[in-house]
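**Q** This is the structure, below, for whatever I ask next.
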Amino acid sequence: MSNQSDHHFDAIVIGAGMTGGWAAKEFCDKGLKTLLLERGRNVEHLKDYPTTTMQPWQFKHRGKIPQEIAEANPVITRCYAYKEDAMHFFVKDTDHKYVQEKPFDWIRGYQVGGKSIMWARQVQRWSDYDFEGPARDGFAVDWPIRYKDIEKWYNYVEKFVGVSGNYDKLDTLPDGDFLKAWDLNVVEKYFQNSVKDNFKNRHVIYGRCAHLTEMKEIFKQQGRALCQARRICQRGCPYGGYFNANSTLIPWAQKTGNLTMRTDAVVHSIIFDDKENRATGVRIIDAHTKETTEYFAKTIFVNAATLNTNAILLNSTSKRFPNGLGNDNGLLGKYVAFHNYRAKINATHEGHKEFRTTGGRATSAYIPRFRNIYKQETEFLRGYAAGFSAGRSRAVNYDGIGEELTNNLTAEAGFKPWSVGSHMMGETIPKESNYVNLHETQKDEYGIPSLNISIDYDDNDEKMIQDFFEQFTDMYKKAGFTNIQTRDTKQAPGLDIHEMGGVRMGHDPKTSLLNKWNQMHECKNVFVTDGACMTSVATQNPSLTFMALTARAANYAIEGMKKGEI
Amino acid sequence: MQRRQALRNIIVVSAGAIIFPHCKMEPAPLQGYKNLMLNVDEFKFIGDLANSILPKGDLPIETPEPVQEFILNMVNDCMPLEDCKKYVAGLRGFISLAKEKYDSSFSKMTKENQLALFNSLNEKTEETDPEKVSIWESMQSFTDLTKRFTVQHFTGSDYFMTNHLDWQFLPGEYNGKVPV
């Protein structure tokens, strides 16, 4: 299938992160000569994890970001994972500027592996209560797929990724193909039972996570070892204990001999040929030399991460598509949504003082959405999932000075009471007024228009926060928790790092950009399978769904190419 | 009254040190802490003070850097410039206060006097002159921060984390219900 020229390929994948990695793996496995473009540097598994074996005391500032960097980069400094140990994997505000028509904390990872290096590794499936949301509740457009369309691809992806989980048998959160779970601790189990006894249809379960807790042949083939529960995954893992693209998809694709990876390749646009009426390739700018190069292929997958995928398509103008590739209906860049992570609730548990925990685990408990599942029952649409964790640490006495202080610090002071905490993960409603577009005048260092972001919360989100506080206060009180503290961080959208949409899937070319195969309605050899394709956002951490959609779409494209339809 | 007079004196001395840092024949500023511009004696003093605040005795504590280096890394690199300036003003005020009150350099004072001097900063100043109040507050902030980072250096060490905080780099497993 391949062309001999070194600028011609069967497929081009834009973006070497989690979904781009999946597309590349699928294409290479099926014998397609594939070019994987990445705007950032290469990050090679094992070799390029400079901090992965460092102990906490070996960091010059014990994790803290130096003031000069923090002041110059307020957005990225707000990210929970942007610490001294992993700061080299995040894009600084000053590295690639964007315009905030409304405050938006855009968290980015420009490198091979993308954000899959630093992600939080929570993986839950969607159910039909999620896919049917827009149609039932009358927002966005109907999803062109249902759970049955994606189920086998969830299986397919999970088998390769490795997902630790319990079989919970919940209709709201379908079970997958799980590796064994770590323990929920004694207080989490206590809360689990309390919620079960006091509330209908509310479940405290184990947070399914992309970690190897059991060895299988497929993981051996990837060269991965069991997770050691170090909980410093954001640095990259020498064991390959959690899933990132660098330790799995990329080397897997490379082993086939079908992958060409071009790093430091900033995509300017997708080339559309008016005569052929199809996309023919991709125009890139070398990040260092600023030289422009063009690559050509039969099929193009856009996996640059939600907002950069939008930016590339918006900048891909032609006579046929003056407003961006496939954008006949003017909806490209619109209906962007995200997860509302503003609300947190913490408390103290005075019970179970006779117990503690030891060791570590890479996840905690999870509470799937329980609001408005079977019918609309609140003043707001949709609902929220939540994390939940309980823990207790050793008490340390910091009083005194001199030898008294030394003695106090080193004296056995027992344990503090248990602390418990939850954070809300709210579904936001995609709206035309939440959009991105290209700035009219501001350009980046490559001469590409800067992305302008205009995304905000609405009244539905505010109501949901109040409901989360009320419901969780009630759940906490029924469990006897004390010192209950609620907190609205008021953080800007984006800090959830779950922005989705702008190139949504749908049945109708008039109201959506992609069909049910993530294929552009108006440009059939271009596919979008990262977060940009999402019609709505549900409450689940989305990466697993992006990966499943990508594997599904890639295999559809492969079949289409075989048949000569693409 | 004596105390107040002593405080006035140190404020004059330390204010002089801030405004004219290079007028006296002082050791050259230490490289590496560009927001602090300390001299070698001041650097050494931070170490002496930290060891008085938290004497390690025979504890087998090994850290990648001496405590004074860690404290100054944290102040110089991780605090706003204004706070760095305040830290230095407080440091110089404190050195002067030792001279005024005990007619001695800090390191030559008895342990008891060192700690008494340190603890005296816990009190509110009787001064009302805003400039003097400001110097006093700088000294309080200096002692607070020095204690905080001294303790962090100690409790974040391999020895303390392993022996007192159950630190395991490779736990491998999790037990959610273990008797205390």
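Letters A, B, ... go to the chains of the structure tokens in the order shown; residues in each chain start at 1; ligands are counted from 1 in the same order.
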Which residues of chain A have any atom within 8 Å of an atom in chain B when counting only C-alpha atoms, and what is the closest pair of atoms for each, with the distance in Å to one decimal? Order the rows by chain and rising number and write it as JSON lines.
**A**
```
{"residue": "A:Gln55", "atom": "CA", "partner": "B:Phe169", "partner_atom": "CA", "distance": 7.4}
{"residue": "A:Pro56", "atom": "CA", "partner": "B:Gly156", "partner_atom": "CA", "distance": 7.4}
{"residue": "A:Trp57", "atom": "CA", "partner": "B:Ser157", "partner_atom": "CA", "distance": 5.8}
{"residue": "A:Gln58", "atom": "CA", "partner": "B:Pro64", "partner_atom": "CA", "distance": 6.4}
{"residue": "A:Lys60", "atom": "CA", "partner": "B:Asn73", "partner_atom": "CA", "distance": 7.4}
{"residue": "A:His61", "atom": "CA", "partner": "B:Met74", "partner_atom": "CA", "distance": 6.1}
{"residue": "A:Lys64", "atom": "CA", "partner": "B:Cys78", "partner_atom": "CA", "distance": 7.3}
{"residue": "A:Ile65", "atom": "CA", "partner": "B:Cys78", "partner_atom": "CA", "distance": 6.8}
{"residue": "A:Pro66", "atom": "CA", "partner": "B:Cys78", "partner_atom": "CA", "distance": 4.5}
{"residue": "A:Gln67", "atom": "CA", "partner": "B:Cys78", "partner_atom": "CA", "distance": 4.4}
{"residue": "A:Glu68", "atom": "CA", "partner": "B:Asp77", "partner_atom": "CA", "distance": 7.4}
{"residue": "A:Trp182", "atom": "CA", "partner": "B:Tyr174", "partner_atom": "CA", "distance": 6.6}
{"residue": "A:Asp183", "atom": "CA", "partner": "B:Gly176", "partner_atom": "CA", "distance": 5.9}
{"residue": "A:Leu184", "atom": "CA", "partner": "B:Gly176", "partner_atom": "CA", "distance": 6.2}
{"residue": "A:Asn185", "atom": "CA", "partner": "B:Gly176", "partner_atom": "CA", "distance": 3.7}
{"residue": "A:Val186", "atom": "CA", "partner": "B:Lys177", "partner_atom": "CA", "distance": 5.3}
{"residue": "A:Cys227", "atom": "CA", "partner": "B:Gly172", "partner_atom": "CA", "distance": 7.1}
{"residue": "A:Gln228", "atom": "CA", "partner": "B:Gly172", "partner_atom": "CA", "distance": 4.1}
{"residue": "A:Ala229", "atom": "CA", "partner": "B:Gly172", "partner_atom": "CA", "distance": 5.3}
{"residue": "A:Arg230", "atom": "CA", "partner": "B:Leu170", "partner_atom": "CA", "distance": 5.5}
{"residue": "A:Lys353", "atom": "CA", "partner": "B:Val180", "partner_atom": "CA", "distance": 7.8}
{"residue": "A:Glu354", "atom": "CA", "partner": "B:Val180", "partner_atom": "CA", "distance": 5.5}
{"residue": "A:Phe355", "atom": "CA", "partner": "B:Pro179", "partner_atom": "CA", "distance": 4.5}
{"residue": "A:Arg356", "atom": "CA", "partner": "B:Val178", "partner_atom": "CA", "distance": 5.2}
{"residue": "A:Thr357", "atom": "CA", "partner": "B:Gly176", "partner_atom": "CA", "distance": 4.7}
{"residue": "A:Thr358", "atom": "CA", "partner": "B:Asn175", "partner_atom": "CA", "distance": 5.2}
{"residue": "A:Gly359", "atom": "CA", "partner": "B:Tyr174", "partner_atom": "CA", "distance": 4.5}
{"residue": "A:Gly360", "atom": "CA", "partner": "B:Tyr174", "partner_atom": "CA", "distance": 4.7}
{"residue": "A:Arg361", "atom": "CA", "partner": "B:Tyr174", "partner_atom": "CA", "distance": 5.7}
{"residue": "A:Arg394", "atom": "CA", "partner": "B:Leu165", "partner_atom": "CA", "distance": 6.5}
{"residue": "A:Ile401", "atom": "CA", "partner": "B:Ile53", "partner_atom": "CA", "distance": 5.3}
{"residue": "A:Gly402", "atom": "CA", "partner": "B:Ile53", "partner_atom": "CA", "distance": 4.6}
{"residue": "A:Glu403", "atom": "CA", "partner": "B:Pro55", "partner_atom": "CA", "distance": 6.0}
{"residue": "A:Leu405", "atom": "CA", "partner": "B:Leu54", "partner_atom": "CA", "distance": 6.2}
{"residue": "A:Thr406", "atom": "CA", "partner": "B:Leu54", "partner_atom": "CA", "distance": 5.6}
{"residue": "A:Thr410", "atom": "CA", "partner": "B:His164", "partner_atom": "CA", "distance": 7.0}
{"residue": "A:Glu412", "atom": "CA", "partner": "B:His164", "partner_atom": "CA", "distance": 7.9}
```
**Q** Quick one: residues within 10 Å of A:Tyr98, only C-alpha atoms, excluding same-chain residues fewer than 5 positions away - as a PyMOL selection string?
**A** chain A and resi 93+104+106+438-439+442-444+449-453
**Q** Find the nearest atom pair between each residue of stretch 78-157 of chain A and stretch 536-541 of chain A for residues within 10 Å, count only C-alpha atoms, give distances in Å to one decimal, sort rows by chain and ascending number, and present the table as a tab-separated table.
**A**
```
residue	atom	partner	partner_atom	distance
A:Ala120	CA	A:Asn541	CA	8.9
A:Arg121	CA	A:Asn541	CA	8.5
A:Gln122	CA	A:Asn541	CA	6.1
A:Val123	CA	A:Asn541	CA	6.1
A:Gln124	CA	A:Gln540	CA	5.8
A:Arg125	CA	A:Gln540	CA	7.1
A:Trp126	CA	A:Gln540	CA	6.8
A:Ser127	CA	A:Ala538	CA	9.4
A:Tyr129	CA	A:Ala538	CA	8.9
A:Asp130	CA	A:Ala538	CA	5.6
A:Phe131	CA	A:Ser536	CA	8.0
A:Glu132	CA	A:Ser536	CA	9.8
A:Gly133	CA	A:Ser536	CA	8.0
A:Pro134	CA	A:Ser536	CA	7.0
A:Phe139	CA	A:Ser536	CA	8.9
A:Ala140	CA	A:Ser536	CA	7.2
A:Val141	CA	A:Ser536	CA	8.5
A:Asp142	CA	A:Ser536	CA	9.0
A:Trp143	CA	A:Ser536	CA	8.0
```
**Q** Just the number, please: distance in Å from atom CA of A:Arg487 to atom CA of A:Ala386, one decimal.
**A**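 A separation of 14.2 Å between them.
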**Q** DSSP on the backbone: which residues in stretch 38-125 of chain B end up as alpha helix (DSSP H)? Give the answer as an NGL selection string.
**A** :B and (40-53 or 67-78 or 81-102 or 111-120)
**Q** Keeping only C-alpha atoms, write the selected residues as a PDB file, in the first residue's frame.
**A**
```pdb
ATOM      1  CA  VAL B  40      29.838  34.068  53.824  1.00  0.00           C
ATOM      2  CA  ASP B  41      29.408  34.895  57.516  1.00  0.00           C
ATOM      3  CA  GLU B  42      25.686  35.323  57.099  1.00  0.00           C
ATOM      4  CA  PHE B  43      25.492  32.032  55.230  1.00  0.00           C
ATOM      5  CA  LYS B  44      27.347  30.325  58.070  1.00  0.00           C
ATOM      6  CA  PHE B  45      25.121  32.031  60.622  1.00  0.00           C
ATOM      7  CA  ILE B  46      22.002  30.529  59.022  1.00  0.00           C
ATOM      8  CA  GLY B  47      23.565  27.109  59.538  1.00  0.00           C
ATOM      9  CA  ASP B  48      24.396  27.880  63.191  1.00  0.00           C
ATOM     10  CA  LEU B  49      20.888  29.147  63.813  1.00  0.00           C
ATOM     11  CA  ALA B  50      19.294  26.118  62.138  1.00  0.00           C
ATOM     12  CA  ASN B  51      21.402  23.772  64.244  1.00  0.00           C
ATOM     13  CA  SER B  52      20.314  25.593  67.386  1.00  0.00           C
ATOM     14  CA  ILE B  53      16.666  25.495  66.367  1.00  0.00           C
ATOM     15  CA  VAL B  67      20.642  22.809  56.058  1.00  0.00           C
ATOM     16  CA  GLN B  68      21.651  26.419  55.402  1.00  0.00           C
ATOM     17  CA  GLU B  69      21.898  25.678  51.696  1.00  0.00           C
ATOM     18  CA  PHE B  70      18.396  24.218  51.653  1.00  0.00           C
ATOM     19  CA  ILE B  71      16.920  27.142  53.584  1.00  0.00           C
ATOM     20  CA  LEU B  72      18.487  29.661  51.251  1.00  0.00           C
ATOM     21  CA  ASN B  73      17.507  27.675  48.143  1.00  0.00           C
ATOM     22  CA  MET B  74      13.910  27.810  49.317  1.00  0.00           C
ATOM     23  CA  VAL B  75      13.963  31.492  50.215  1.00  0.00           C
ATOM     24  CA  ASN B  76      15.962  32.697  47.236  1.00  0.00           C
ATOM     25  CA  ASP B  77      14.298  30.527  44.597  1.00  0.00           C
ATOM     26  CA  CYS B  78      10.764  29.988  45.842  1.00  0.00           C
ATOM     27  CA  LEU B  81      11.520  39.147  45.813  1.00  0.00           C
ATOM     28  CA  GLU B  82       9.839  41.297  48.465  1.00  0.00           C
ATOM     29  CA  ASP B  83       9.895  38.398  50.908  1.00  0.00           C
ATOM     30  CA  CYS B  84      13.559  37.733  50.105  1.00  0.00           C
ATOM     31  CA  LYS B  85      14.377  41.323  50.991  1.00  0.00           C
ATOM     32  CA  LYS B  86      12.403  41.041  54.195  1.00  0.00           C
ATOM     33  CA  TYR B  87      14.219  37.820  55.042  1.00  0.00           C
ATOM     34  CA  VAL B  88      17.611  39.480  54.667  1.00  0.00           C
ATOM     35  CA  ALA B  89      16.509  42.495  56.703  1.00  0.00           C
ATOM     36  CA  GLY B  90      15.288  40.135  59.409  1.00  0.00           C
ATOM     37  CA  LEU B  91      18.513  38.127  59.280  1.00  0.00           C
ATOM     38  CA  ARG B  92      20.652  41.239  59.716  1.00  0.00           C
ATOM     39  CA  GLY B  93      18.379  42.561  62.420  1.00  0.00           C
ATOM     40  CA  PHE B  94      18.685  39.276  64.262  1.00  0.00           C
ATOM     41  CA  ILE B  95      22.497  39.250  64.099  1.00  0.00           C
ATOM     42  CA  SER B  96      22.521  42.784  65.473  1.00  0.00           C
ATOM     43  CA  LEU B  97      20.025  41.888  68.155  1.00  0.00           C
ATOM     44  CA  ALA B  98      22.374  39.155  69.379  1.00  0.00           C
ATOM     45  CA  LYS B  99      25.223  41.653  69.611  1.00  0.00           C
ATOM     46  CA  GLU B 100      23.099  44.228  71.385  1.00  0.00           C
ATOM     47  CA  LYS B 101      21.519  41.904  73.876  1.00  0.00           C
ATOM     48  CA  TYR B 102      24.359  39.511  74.571  1.00  0.00           C
ATOM     49  CA  LYS B 111      22.424  27.385  73.951  1.00  0.00           C
ATOM     50  CA  GLU B 112      20.044  28.899  76.490  1.00  0.00           C
ATOM     51  CA  ASN B 113      20.730  32.430  75.334  1.00  0.00           C
ATOM     52  CA  GLN B 114      20.430  31.459  71.697  1.00  0.00           C
ATOM     53  CA  LEU B 115      17.001  30.006  72.265  1.00  0.00           C
ATOM     54  CA  ALA B 116      15.962  32.860  74.550  1.00  0.00           C
ATOM     55  CA  LEU B 117      16.878  35.304  71.817  1.00  0.00           C
ATOM     56  CA  PHE B 118      15.006  33.260  69.241  1.00  0.00           C
ATOM     57  CA  ASN B 119      11.944  33.017  71.458  1.00  0.00           C
ATOM     58  CA  SER B 120      11.987  36.737  72.248  1.00  0.00           C
TER      59      SER B 120
END
```
